[in-house]
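Source file: coords_31.cif (mmCIF, C-alpha atoms and all ligand atoms)
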data_protein
loop_
_atom_site.label_atom_id
_atom_site.label_comp_id
_atom_site.auth_asym_id
_atom_site.auth_seq_id
_atom_site.Cartn_x
_atom_site.Cartn_y
_atom_site.Cartn_z
CA MET U 23 155.51 76.47 102.86
CA LYS U 24 154.79 80.20 102.74
CA ASP U 25 156.54 82.80 104.92
CA PRO U 26 154.79 83.24 108.28
CA VAL U 27 152.22 86.02 108.73
CA ARG U 28 151.66 87.94 111.94
CA ILE U 29 148.22 87.73 113.52
CA ALA U 30 147.38 90.05 116.42
CA ILE U 31 144.49 89.03 118.69
CA THR U 32 143.32 91.24 121.54
CA GLY U 33 141.59 89.94 124.64
CA GLY U 34 143.75 86.82 124.49
CA ALA U 35 142.56 85.52 127.86
CA GLY U 36 138.85 85.98 127.10
CA GLN U 37 136.23 83.41 126.20
CA ILE U 38 136.10 84.10 122.44
CA SER U 39 139.87 83.92 122.19
CA TYR U 40 139.85 80.55 123.90
CA SER U 41 138.20 79.17 120.74
CA LEU U 42 139.69 81.57 118.22
CA ILE U 43 143.39 81.21 118.95
CA PHE U 44 143.39 77.41 118.69
CA ARG U 45 141.48 77.36 115.41
CA ILE U 46 143.77 79.97 113.86
CA ALA U 47 146.78 78.00 115.07
CA ALA U 48 145.33 74.88 113.44
CA GLY U 49 145.12 76.63 110.06
CA ASP U 50 141.35 77.13 109.89
CA MET U 51 141.66 80.83 109.03
CA LEU U 52 144.44 81.08 106.47
CA GLY U 53 144.88 77.49 105.37
CA PRO U 54 147.08 74.50 106.14
CA ASP U 55 150.08 75.90 104.24
CA GLN U 56 150.25 79.27 106.02
CA PRO U 57 152.54 79.43 109.09
CA VAL U 58 151.54 82.02 111.69
CA ILE U 59 153.09 84.14 114.42
CA LEU U 60 150.49 84.82 117.12
CA GLN U 61 150.73 88.23 118.84
CA LEU U 62 148.36 88.28 121.81
CA LEU U 63 147.32 91.37 123.77
CA GLU U 64 145.76 91.56 127.23
CA ILE U 65 145.40 94.04 130.07
CA PRO U 66 148.03 93.63 132.83
CA GLN U 67 145.56 91.98 135.26
CA ALA U 68 144.84 89.20 132.75
CA MET U 69 148.43 88.48 131.68
CA GLU U 70 148.74 85.47 133.97
CA ALA U 71 145.59 83.89 132.55
CA MET U 72 146.80 84.63 129.01
CA ASN U 73 150.15 83.02 129.77
CA GLY U 74 148.16 79.90 130.65
CA VAL U 75 146.55 80.03 127.21
CA VAL U 76 150.00 80.35 125.63
CA MET U 77 151.13 77.27 127.57
CA GLU U 78 148.18 75.35 126.12
CA VAL U 79 148.87 76.52 122.55
CA ASN U 80 152.46 75.34 122.98
CA ASP U 81 151.19 72.03 124.33
CA CYS U 82 149.26 71.47 121.08
CA ALA U 83 152.55 71.40 119.10
CA TYR U 84 150.82 72.99 116.11
CA PRO U 85 153.00 72.65 112.99
CA LEU U 86 151.92 76.09 111.71
CA VAL U 87 152.76 78.13 114.83
CA ARG U 88 156.20 79.71 114.44
CA ASP U 89 156.16 82.02 117.46
CA ILE U 90 153.84 83.42 120.13
CA VAL U 91 154.15 86.90 121.61
CA ALA U 92 152.10 87.65 124.75
CA THR U 93 152.06 91.27 125.87
CA ASP U 94 150.10 94.07 127.53
CA ASP U 95 151.59 96.66 125.15
CA ALA U 96 149.43 97.33 122.07
CA ASN U 97 152.41 98.52 120.02
CA VAL U 98 154.19 95.22 120.64
CA ALA U 99 151.07 93.17 119.86
CA PHE U 100 150.41 95.05 116.61
CA LYS U 101 154.07 95.23 115.48
CA ASP U 102 154.09 94.42 111.73
CA ALA U 103 150.73 92.65 112.11
CA ASP U 104 149.20 91.46 108.83
CA TYR U 105 145.87 90.66 110.49
CA ALA U 106 144.38 92.13 113.67
CA LEU U 107 141.34 90.67 115.40
CA LEU U 108 140.14 93.16 117.99
CA VAL U 109 138.17 91.06 120.44
CA GLY U 110 139.32 92.43 123.82
CA SER U 111 136.56 94.47 125.45
CA ARG U 112 133.73 94.02 127.90
CA PRO U 113 130.76 91.84 126.89
CA ARG U 114 127.17 92.85 127.79
CA GLY U 115 125.12 91.15 130.45
CA PRO U 116 121.38 90.36 130.61
CA GLY U 117 119.09 93.34 129.95
CA MET U 118 121.77 95.42 128.21
CA GLU U 119 121.90 96.48 124.55
CA ARG U 120 125.31 96.32 122.86
CA LYS U 121 125.45 100.10 122.54
CA ASP U 122 125.30 100.32 126.36
CA LEU U 123 128.93 99.15 126.14
CA LEU U 124 130.03 102.23 124.19
CA GLU U 125 131.13 104.10 127.28
CA ALA U 126 133.12 101.15 128.67
CA ASN U 127 134.71 100.02 125.40
CA ALA U 128 135.05 103.01 123.05
CA ALA U 129 138.30 104.30 124.57
CA ILE U 130 139.98 100.92 123.96
CA PHE U 131 139.46 101.31 120.23
CA SER U 132 140.86 104.84 119.97
CA VAL U 133 144.06 103.69 121.71
CA GLN U 134 144.28 100.56 119.58
CA GLY U 135 143.55 102.47 116.35
CA LYS U 136 146.55 104.69 117.09
CA ALA U 137 148.73 101.68 117.89
CA LEU U 138 147.69 99.95 114.66
CA ASN U 139 148.52 103.12 112.75
CA ASP U 140 151.96 103.32 114.33
CA SER U 141 152.97 99.67 114.47
CA ALA U 142 151.03 97.37 112.13
CA SER U 143 151.88 96.45 108.55
CA ASN U 144 150.61 99.02 106.03
CA ASP U 145 148.38 96.30 104.58
CA VAL U 146 146.92 95.12 107.88
CA ARG U 147 143.39 93.76 107.71
CA VAL U 148 141.43 94.61 110.84
CA LEU U 149 138.31 92.88 112.15
CA VAL U 150 136.55 94.39 115.16
CA VAL U 151 134.57 91.87 117.20
CA GLY U 152 134.29 93.77 120.52
CA ASN U 153 130.90 95.44 120.92
CA PRO U 154 129.42 97.68 119.75
CA ALA U 155 131.54 96.37 116.90
CA ASN U 156 130.54 98.72 114.06
CA THR U 157 131.11 101.93 115.97
CA ASN U 158 134.26 100.58 117.64
CA ALA U 159 135.63 99.88 114.14
CA LEU U 160 134.81 103.45 113.15
CA ILE U 161 136.68 104.76 116.20
CA ALA U 162 139.73 102.59 115.45
CA SER U 163 139.75 103.64 111.81
CA CYS U 164 139.44 107.36 112.59
CA ASN U 165 142.46 107.05 114.89
CA ALA U 166 144.57 105.43 112.17
CA PRO U 167 144.92 108.21 109.57
CA ASP U 168 147.78 106.48 107.70
CA LEU U 169 145.74 103.36 107.04
CA ASP U 170 142.90 103.15 104.51
CA ALA U 171 139.43 103.15 106.08
CA GLY U 172 138.63 100.03 104.04
CA GLN U 173 141.18 98.10 106.09
CA PHE U 174 138.79 98.36 109.09
CA THR U 175 135.81 96.02 109.22
CA ALA U 176 133.39 94.83 111.89
CA MET U 177 131.75 91.48 112.38
CA THR U 178 128.22 90.77 111.20
CA ARG U 179 129.18 87.32 109.91
CA LEU U 180 127.76 85.74 113.05
CA ASP U 181 124.37 87.31 112.25
CA HIS U 182 124.74 86.13 108.63
CA ASN U 183 125.46 82.57 109.76
CA ARG U 184 122.57 82.65 112.23
CA ALA U 185 120.24 83.79 109.45
CA LEU U 186 121.43 81.01 107.11
CA THR U 187 120.63 78.35 109.69
CA GLN U 188 117.20 79.77 110.57
CA LEU U 189 116.16 79.82 106.91
CA ALA U 190 117.66 76.41 106.13
CA GLN U 191 115.88 74.81 109.08
CA LYS U 192 112.56 76.46 108.18
CA THR U 193 112.70 75.23 104.57
CA GLY U 194 114.03 71.76 105.41
CA LYS U 195 117.22 72.41 103.47
CA HIS U 196 120.90 72.79 104.35
CA VAL U 197 122.82 76.03 104.85
CA THR U 198 124.80 75.24 101.70
CA ASP U 199 121.54 75.39 99.70
CA VAL U 200 120.99 79.06 100.64
CA ASP U 201 122.37 81.80 98.36
CA SER U 202 122.43 85.58 98.71
CA MET U 203 121.58 86.01 102.38
CA ILE U 204 122.16 89.63 103.41
CA VAL U 205 122.51 91.25 106.81
CA TRP U 206 122.26 95.03 106.48
CA GLY U 207 123.39 97.63 109.00
CA ASN U 208 124.47 97.39 112.60
CA HIS U 209 125.44 94.34 114.69
CA SER U 210 122.57 95.17 117.03
CA ALA U 211 118.85 94.61 117.47
CA THR U 212 118.16 97.01 114.57
CA GLN U 213 120.08 94.91 112.01
CA TYR U 214 118.06 93.83 109.00
CA PRO U 215 118.50 90.17 108.05
CA ASP U 216 117.05 90.24 104.54
CA ILE U 217 115.88 87.13 102.67
CA SER U 218 114.28 89.07 99.82
CA GLN U 219 117.22 88.30 97.52
CA CYS U 220 117.74 84.74 98.79
CA GLN U 221 117.37 81.56 96.81
CA VAL U 222 117.01 78.23 98.56
CA ASP U 223 117.96 75.33 96.35
CA GLY U 224 117.38 77.64 93.37
CA LYS U 225 113.92 78.88 94.47
CA PRO U 226 113.14 82.38 95.80
CA ALA U 227 113.09 82.17 99.61
CA LEU U 228 110.06 84.45 99.85
CA ASP U 229 108.03 81.88 97.85
CA LEU U 230 108.94 79.16 100.36
CA VAL U 231 108.05 80.81 103.68
CA GLU U 232 105.04 82.77 104.93
CA ARG U 233 105.45 86.54 105.09
CA ASP U 234 104.32 86.43 108.73
CA TRP U 235 107.16 84.02 109.63
CA TYR U 236 109.67 86.25 107.85
CA GLU U 237 108.62 89.49 109.54
CA ASN U 238 107.56 88.28 112.98
CA ASP U 239 109.72 85.24 113.64
CA PHE U 240 112.84 85.12 111.44
CA ILE U 241 113.86 88.79 111.70
CA PRO U 242 113.42 89.12 115.49
CA THR U 243 115.04 85.72 116.11
CA VAL U 244 118.20 86.75 114.26
CA GLN U 245 118.18 90.25 115.77
CA GLN U 246 117.82 88.87 119.31
CA ARG U 247 119.98 85.77 119.01
CA GLY U 248 122.87 87.24 121.01
CA ALA U 249 120.52 88.07 123.91
CA ALA U 250 118.93 84.59 123.72
CA ILE U 251 122.38 83.02 124.06
CA ILE U 252 123.27 85.23 127.02
CA LYS U 253 119.99 84.16 128.69
CA ALA U 254 120.58 80.46 128.01
CA ARG U 255 124.33 80.25 128.67
CA GLY U 256 124.75 82.98 131.24
CA ALA U 257 127.55 84.33 129.02
CA SER U 258 127.66 85.77 125.54
CA SER U 259 128.35 83.67 122.47
CA ALA U 260 131.96 82.56 122.22
CA ALA U 261 132.65 79.54 120.00
CA SER U 262 130.14 80.72 117.37
CA ALA U 263 131.64 84.22 117.49
CA ALA U 264 135.13 82.79 117.02
CA SER U 265 133.90 80.66 114.12
CA ALA U 266 132.32 83.69 112.43
CA ALA U 267 135.53 85.70 112.90
CA ILE U 268 137.44 82.93 111.15
CA ASP U 269 134.89 82.85 108.31
CA HIS U 270 135.12 86.65 107.90
CA MET U 271 138.93 86.78 107.80
CA ARG U 272 139.32 83.63 105.69
CA ASP U 273 136.93 84.87 103.02
CA TRP U 274 138.46 88.36 103.00
CA ALA U 275 142.02 86.98 102.70
CA LEU U 276 141.45 83.97 100.45
CA GLY U 277 138.17 84.80 98.65
CA CYS U 278 134.94 82.81 98.58
CA ASP U 279 132.04 81.82 96.36
CA GLY U 280 128.80 83.73 96.70
CA ILE U 281 127.72 86.62 98.87
CA VAL U 282 128.64 87.19 102.52
CA SER U 283 127.83 90.02 104.93
CA MET U 284 130.64 92.26 106.20
CA SER U 285 130.45 95.55 108.09
CA ILE U 286 132.62 97.95 106.10
CA PRO U 287 132.88 101.70 105.60
CA SER U 288 129.86 102.82 103.58
CA ASP U 289 130.70 104.44 100.24
CA GLY U 290 127.11 105.69 99.94
CA SER U 291 125.89 102.50 98.24
CA TYR U 292 122.14 101.88 98.59
CA GLY U 293 121.69 105.44 99.88
CA ILE U 294 123.47 104.78 103.19
CA GLU U 295 125.45 107.66 104.66
CA GLU U 296 129.08 107.55 103.64
CA GLY U 297 131.67 106.70 106.29
CA ILE U 298 129.65 104.78 108.88
CA ILE U 299 130.59 101.11 109.26
CA TYR U 300 127.53 99.38 107.81
CA SER U 301 126.92 95.72 107.03
CA TYR U 302 126.63 95.11 103.29
CA PRO U 303 126.46 92.13 100.96
CA VAL U 304 129.97 91.68 99.57
CA ARG U 305 131.94 89.39 97.31
CA CYS U 306 135.51 88.59 98.33
CA LYS U 307 138.22 87.91 95.76
CA GLY U 308 141.99 88.30 95.55
CA GLY U 309 142.34 89.64 99.09
CA SER U 310 139.71 92.36 98.81
CA TYR U 311 135.95 92.79 99.10
CA GLU U 312 133.42 94.59 96.94
CA ILE U 313 129.85 95.62 97.71
CA VAL U 314 127.34 93.74 95.56
CA GLN U 315 125.37 96.38 93.66
CA GLY U 316 122.06 96.35 91.86
CA PHE U 317 119.66 94.64 94.27
CA GLU U 318 116.12 95.95 93.85
CA LEU U 319 114.78 96.69 97.30
CA ASP U 320 111.14 97.20 98.26
CA ALA U 321 109.76 99.77 100.71
CA PHE U 322 109.88 97.28 103.60
CA SER U 323 113.59 96.65 103.07
CA LYS U 324 114.43 100.32 102.61
CA GLU U 325 112.66 101.25 105.84
CA ARG U 326 114.58 98.57 107.78
CA MET U 327 117.89 99.60 106.22
CA GLN U 328 117.31 103.22 107.18
CA ALA U 329 116.34 102.35 110.76
CA THR U 330 119.64 100.55 111.37
CA GLU U 331 121.55 103.34 109.56
CA LYS U 332 119.92 105.87 111.91
CA GLU U 333 121.17 103.94 114.94
CA LEU U 334 124.71 103.92 113.55
CA ARG U 335 124.56 107.68 112.96
CA GLU U 336 123.43 108.15 116.58
CA GLU U 337 126.24 105.94 117.89
CA ARG U 338 128.72 107.96 115.84
CA THR U 339 127.43 111.20 117.37
CA ALA U 340 127.84 109.70 120.86
CA VAL U 341 131.56 109.06 120.26
CA GLU U 342 132.37 112.15 118.20
CA HIS U 343 135.04 113.17 120.75
CA LEU U 344 136.98 109.97 119.95
CA LEU U 345 136.92 110.28 116.17
CA GLY U 346 139.99 112.50 115.93
P1 LIG S 401 135.54 88.21 127.78
O1 LIG S 401 135.22 89.14 128.89
O2 LIG S 401 135.51 86.75 128.02
O3 LIG S 401 137.00 88.55 127.22
C1 LIG S 401 137.39 89.83 126.90
C2 LIG S 401 138.87 89.94 127.21
O4 LIG S 401 139.32 91.20 126.74
C3 LIG S 401 139.21 89.85 128.71
O5 LIG S 401 140.17 88.84 128.93
C4 LIG S 401 139.75 91.24 129.03
O6 LIG S 401 140.77 91.22 130.02
C5 LIG S 401 140.29 91.67 127.66
N1 LIG S 401 140.44 93.11 127.51
C6 LIG S 401 139.71 94.11 128.04
N2 LIG S 401 140.21 95.31 127.70
C7 LIG S 401 141.28 95.05 126.89
C8 LIG S 401 142.21 95.88 126.22
N3 LIG S 401 142.18 97.20 126.32
N4 LIG S 401 143.18 95.27 125.49
C9 LIG S 401 143.26 93.94 125.41
N5 LIG S 401 142.40 93.09 126.04
C10 LIG S 401 141.43 93.65 126.76
O7 LIG S 401 134.62 88.63 126.54
P2 LIG S 401 134.29 87.77 125.23
O8 LIG S 401 133.10 86.93 125.50
O9 LIG S 401 135.52 87.17 124.71
O10 LIG S 401 133.76 88.96 124.28
C11 LIG S 401 134.63 89.96 123.82
C12 LIG S 401 133.84 91.02 123.06
O11 LIG S 401 133.28 90.46 121.86
C13 LIG S 401 132.66 91.60 123.83
O12 LIG S 401 132.60 93.01 123.61
C14 LIG S 401 131.46 90.92 123.20
O13 LIG S 401 130.27 91.65 123.36
C15 LIG S 401 131.91 90.87 121.76
N6 LIG S 401 131.22 89.94 120.87
C16 LIG S 401 130.94 90.35 119.60
C17 LIG S 401 130.32 89.50 118.71
C18 LIG S 401 130.01 89.93 117.30
O14 LIG S 401 129.29 89.19 116.60
N7 LIG S 401 130.46 91.06 116.80
C19 LIG S 401 129.98 88.20 119.11
C20 LIG S 401 130.28 87.81 120.41
C21 LIG S 401 130.89 88.68 121.29
C1 LIG S 402 126.34 88.17 119.86
O1 LIG S 402 125.68 88.60 118.92
O2 LIG S 402 126.23 87.00 120.28
C2 LIG S 402 127.34 89.09 120.54
O3 LIG S 402 127.30 90.36 119.98
C3 LIG S 402 127.20 89.11 122.02
C4 LIG S 402 126.01 89.89 122.46
O4 LIG S 402 126.16 90.78 123.31
O5 LIG S 402 124.90 89.62 121.99
#

Take the structure in the file and write it out as structure tokens.
Amino acid sequence: MKDPVRIAITGGAGQISYSLIFRIAAGDMLGPDQPVILQLLEIPQAMEAMNGVVMEVNDCAYPLVRDIVATDDANVAFKDADYALLVGSRPRGPGMERKDLLEANAAIFSVQGKALNDSASNDVRVLVVGNPANTNALIASCNAPDLDAGQFTAMTRLDHNRALTQLAQKTGKHVTDVDSMIVWGNHSATQYPDISQCQVDGKPALDLVERDWYENDFIPTVQQRGAAIIKARGASSAASAASAAIDHMRDWALGCDGIVSMSIPSDGSYGIEEGIIYSYPVRCKGGSYEIVQGFELDAFSKERMQATEKELREERTAVEHLLG
């Protein structure tokens, strides 16, 4: 057995965490040979509910769980954390866009960025799930000057997984037959789920589907999937979000075959402004990720990529006062 690692999860009493914590405790994120110490953060009003979650985790008698810390102090939750999943924040309701949450949620991420800087392991890997995830990750990163910006990522893996399923169902294949799906940009309605580089069972995806389906059905369906779930469930996605968070962290930590989408600090690749947290195609290996270079992109793709970049630049301007 390996030495235990410390995993901080914020919003421990929330609906995403109610799926996430149990799957991490079962070994789905870091493997069946990796013991974990769970460090859960909540606001004071939700501590009682989170203590109930802790009771349930204990009642599972998970072999991998070595300790559980439940706290309303960010510095305690992030103490020596090797992984931090920043979930705790308000979800949107019907009729809202995710960026409408900036005002309510942005301050959380400046406080937590500072606490990560002061208390977490120097190698901490951070995933921001709370919306608007990309700009919240930028805020956290800018408030953690001693950590590398590349340690801060945001979640577009749920969009990536949604796109895989839509394309697999349309072509009568399985998600495991689809290679090189890409989600570019923001976790928002401007994101660009791009199948122009995709192969399905070895054949170019664009040869298998009608252009009209791609532009007028596939892209809007993936862009609007979060809103469709809110409408159907009366609450935003939770189990699928937790599953995507596990996929993101597992692949980052342990590596994976093929290309996945991660929102990471732009280094200027594909002409995107440096510094914003933008979803790129990446390969994960040996505990790190690398942007996949060299895709040839047509005018349609470039226009979509720039539209979502523009939204991220606007969100950054709106929170300039929190960027340190
Ligand atoms: P929820 O309301 O069920 O839970 C959020 C929890 O966070 C609550 O228990 C709340 O008390 C806690 N919280 C609030 N402020 C906090 C703080 N400062 N520190 C610690 N905890 C705090 O919401 P949810 O459904 O679990 O969603 C959480 C967030 O994840 C929302 O912003 C939602 O929009 C977002 N989300 C993102 C994705 C994605 O793909 N990136 C997917 C689904 C949901
Ligand atoms: C999602 O994509 O399901 C989440 O970001 C929740 C939302 O507000 O859509």

Considering all atoms listed in the file, tabulate each residue of chain U that lies at most 7 Å from ligand LIG 401 (chain S) along with its nearest interatomic pair and the corresponding distance in Å to one decimal; arrange the rows by chain and ascending residue number and present them as JSON lines.
{"residue": "U:Thr32", "atom": "CA", "partner": "S:LIG401", "partner_atom": "C9", "distance": 4.7}
{"residue": "U:Gly33", "atom": "CA", "partner": "S:LIG401", "partner_atom": "O4", "distance": 3.3}
{"residue": "U:Gly34", "atom": "CA", "partner": "S:LIG401", "partner_atom": "O5", "distance": 6.1}
{"residue": "U:Ala35", "atom": "CA", "partner": "S:LIG401", "partner_atom": "O5", "distance": 4.2}
{"residue": "U:Gly36", "atom": "CA", "partner": "S:LIG401", "partner_atom": "O3", "distance": 3.2}
{"residue": "U:Gln37", "atom": "CA", "partner": "S:LIG401", "partner_atom": "O2", "distance": 3.9}
{"residue": "U:Ile38", "atom": "CA", "partner": "S:LIG401", "partner_atom": "O9", "distance": 3.9}
{"residue": "U:Ser39", "atom": "CA", "partner": "S:LIG401", "partner_atom": "O9", "distance": 6.0}
{"residue": "U:Leu63", "atom": "CA", "partner": "S:LIG401", "partner_atom": "C9", "distance": 5.1}
{"residue": "U:Glu64", "atom": "CA", "partner": "S:LIG401", "partner_atom": "N5", "distance": 3.9}
{"residue": "U:Ile65", "atom": "CA", "partner": "S:LIG401", "partner_atom": "N5", "distance": 5.1}
{"residue": "U:Ala68", "atom": "CA", "partner": "S:LIG401", "partner_atom": "O6", "distance": 5.3}
{"residue": "U:Val109", "atom": "CA", "partner": "S:LIG401", "partner_atom": "C11", "distance": 5.0}
{"residue": "U:Gly110", "atom": "CA", "partner": "S:LIG401", "partner_atom": "O4", "distance": 3.2}
{"residue": "U:Ser111", "atom": "CA", "partner": "S:LIG401", "partner_atom": "C6", "distance": 4.1}
{"residue": "U:Arg112", "atom": "CA", "partner": "S:LIG401", "partner_atom": "O12", "distance": 4.5}
{"residue": "U:Pro113", "atom": "CA", "partner": "S:LIG401", "partner_atom": "O13", "distance": 3.6}
{"residue": "U:Arg114", "atom": "CA", "partner": "S:LIG401", "partner_atom": "O13", "distance": 5.5}
{"residue": "U:Arg120", "atom": "CA", "partner": "S:LIG401", "partner_atom": "O13", "distance": 6.8}
{"residue": "U:Ile130", "atom": "CA", "partner": "S:LIG401", "partner_atom": "N3", "distance": 4.9}
{"residue": "U:Val151", "atom": "CA", "partner": "S:LIG401", "partner_atom": "N7", "distance": 4.2}
{"residue": "U:Gly152", "atom": "CA", "partner": "S:LIG401", "partner_atom": "O12", "distance": 3.6}
{"residue": "U:Asn153", "atom": "CA", "partner": "S:LIG401", "partner_atom": "O12", "distance": 4.0}
{"residue": "U:Pro154", "atom": "CA", "partner": "S:LIG401", "partner_atom": "O12", "distance": 6.8}
{"residue": "U:Ala155", "atom": "CA", "partner": "S:LIG401", "partner_atom": "N7", "distance": 5.4}
{"residue": "U:Ala176", "atom": "CA", "partner": "S:LIG401", "partner_atom": "N7", "distance": 6.8}
{"residue": "U:Met177", "atom": "CA", "partner": "S:LIG401", "partner_atom": "N7", "distance": 4.6}
{"residue": "U:Thr178", "atom": "CA", "partner": "S:LIG401", "partner_atom": "O14", "distance": 5.7}
{"residue": "U:Arg179", "atom": "CA", "partner": "S:LIG401", "partner_atom": "O14", "distance": 6.9}
{"residue": "U:Leu180", "atom": "CA", "partner": "S:LIG401", "partner_atom": "O14", "distance": 5.2}
{"residue": "U:Asp181", "atom": "CA", "partner": "S:LIG401", "partner_atom": "O14", "distance": 6.8}
{"residue": "U:His209", "atom": "CA", "partner": "S:LIG401", "partner_atom": "N7", "distance": 6.4}
{"residue": "U:Ser258", "atom": "CA", "partner": "S:LIG401", "partner_atom": "O8", "distance": 5.6}
{"residue": "U:Ser259", "atom": "CA", "partner": "S:LIG401", "partner_atom": "C20", "distance": 5.0}
{"residue": "U:Ala260", "atom": "CA", "partner": "S:LIG401", "partner_atom": "O8", "distance": 5.6}
{"residue": "U:Ala263", "atom": "CA", "partner": "S:LIG401", "partner_atom": "C19", "distance": 4.6}

Atom CA of Asn183 of chain U to atom CA of Ile204 of chain U: how many Å, to one decimal?
->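 Atom CA of Asn183 of chain U sits 10.1 Å away from atom CA of Ile204 of chain U.
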
Would you compute the box with edges along x, y and z of the file around ligand LIG 402 (chain S), including every atom the file lists for it and 8 Å extra on each side, and give its centre and edge lengths in Å to one decimal, as AutoDock Vina command-line options?
--center_x 126.1 --center_y 88.9 --center_z 121.1 --size_x 18.4 --size_y 19.8 --size_z 20.4

Polymer residues at most 8 Å from (134.0, 101.6, 103.6) by all atoms listed in the file, as a PyMOL selection string | chain U and resi 171-172+174+286-289+296-299

Keeping C-alpha atoms, export the residues of the selection given above as an mmCIF file, in the coordinates of the input.
data_model
loop_
_atom_site.group_PDB
_atom_site.id
_atom_site.type_symbol
_atom_site.label_atom_id
_atom_site.label_comp_id
_atom_site.auth_asym_id
_atom_site.auth_seq_id
_atom_site.Cartn_x
_atom_site.Cartn_y
_atom_site.Cartn_z
ATOM 1 C CA ALA U 171 139.430 103.150 106.080
ATOM 2 C CA GLY U 172 138.630 100.030 104.040
ATOM 3 C CA PHE U 174 138.790 98.360 109.090
ATOM 4 C CA ILE U 286 132.620 97.950 106.100
ATOM 5 C CA PRO U 287 132.880 101.700 105.600
ATOM 6 C CA SER U 288 129.860 102.820 103.580
ATOM 7 C CA ASP U 289 130.700 104.440 100.240
ATOM 8 C CA GLU U 296 129.080 107.550 103.640
ATOM 9 C CA GLY U 297 131.670 106.700 106.290
ATOM 10 C CA ILE U 298 129.650 104.780 108.880
ATOM 11 C CA ILE U 299 130.590 101.110 109.260
#

Atom-to-atom span, atom CA of Ser41 of chain U and atom O1 of ligand LIG 402 (chain S), Å |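 Value for the atom CA of Ser41 of chain U-atom O1 of ligand LIG 402 (chain S) distance: 15.8 Å.
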
Hey, what's within 6 Å of segment 274-283 of chain U if we count only C-alpha atoms and toss same-chain stuff fewer than 4 positions away? As a VMD selection string, please?
-> chain U and resid 179 202 204 to 205 302 to 307 309 to 310

Using all atoms listed in the file, which residues sit within 9 Å of Ala142 of chain U once same-chain residues fewer than 3 positions away are excluded, as a VMD selection string?
-> chain U and resid 97 99 to 106 137 to 139 145 to 146

Using only C-alpha atoms, find the one residue out of U:Leu86, U:Met77, U:Leu345, U:Ala185 that sits nearest to Lys136 of chain U.
-> U:Leu345

Around the point (137.2, 87.6, 110.6) (coordinates from the file), which residues reach within 9 Å if we count all atoms listed in the file? Answer as a CSV table (one decimal) with C-alpha atoms, in the frame of the given file.
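What ended up in selection.csv:
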chain,number,residue,atom,x,y,z
U,51,MET,CA,141.7,80.8,109.0
U,107,LEU,CA,141.3,90.7,115.4
U,148,VAL,CA,141.4,94.6,110.8
U,149,LEU,CA,138.3,92.9,112.2
U,150,VAL,CA,136.6,94.4,115.2
U,151,VAL,CA,134.6,91.9,117.2
U,175,THR,CA,135.8,96.0,109.2
U,176,ALA,CA,133.4,94.8,111.9
U,177,MET,CA,131.8,91.5,112.4
U,179,ARG,CA,129.2,87.3,109.9
U,264,ALA,CA,135.1,82.8,117.0
U,265,SER,CA,133.9,80.7,114.1
U,266,ALA,CA,132.3,83.7,112.4
U,267,ALA,CA,135.5,85.7,112.9
U,268,ILE,CA,137.4,82.9,111.2
U,269,ASP,CA,134.9,82.8,108.3
U,270,HIS,CA,135.1,86.6,107.9
U,271,MET,CA,138.9,86.8,107.8
U,272,ARG,CA,139.3,83.6,105.7
U,273,ASP,CA,136.9,84.9,103.0
U,274,TRP,CA,138.5,88.4,103.0

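With distances taken over only C-alpha atoms and all ligand atoms, U:His182 is the one residue among U:Lys24, U:Arg233, U:Lys195, U:His182 lying closest to ligand LIG 402 (chain S).
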
Best match for closeness to ligand LIG 402 (chain S) among U:Ala250, U:Leu186, U:Ala340, U:Met327, counting all atoms listed in the file =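 Of all the options, U:Ala250 lies closest to ligand LIG 402 (chain S).
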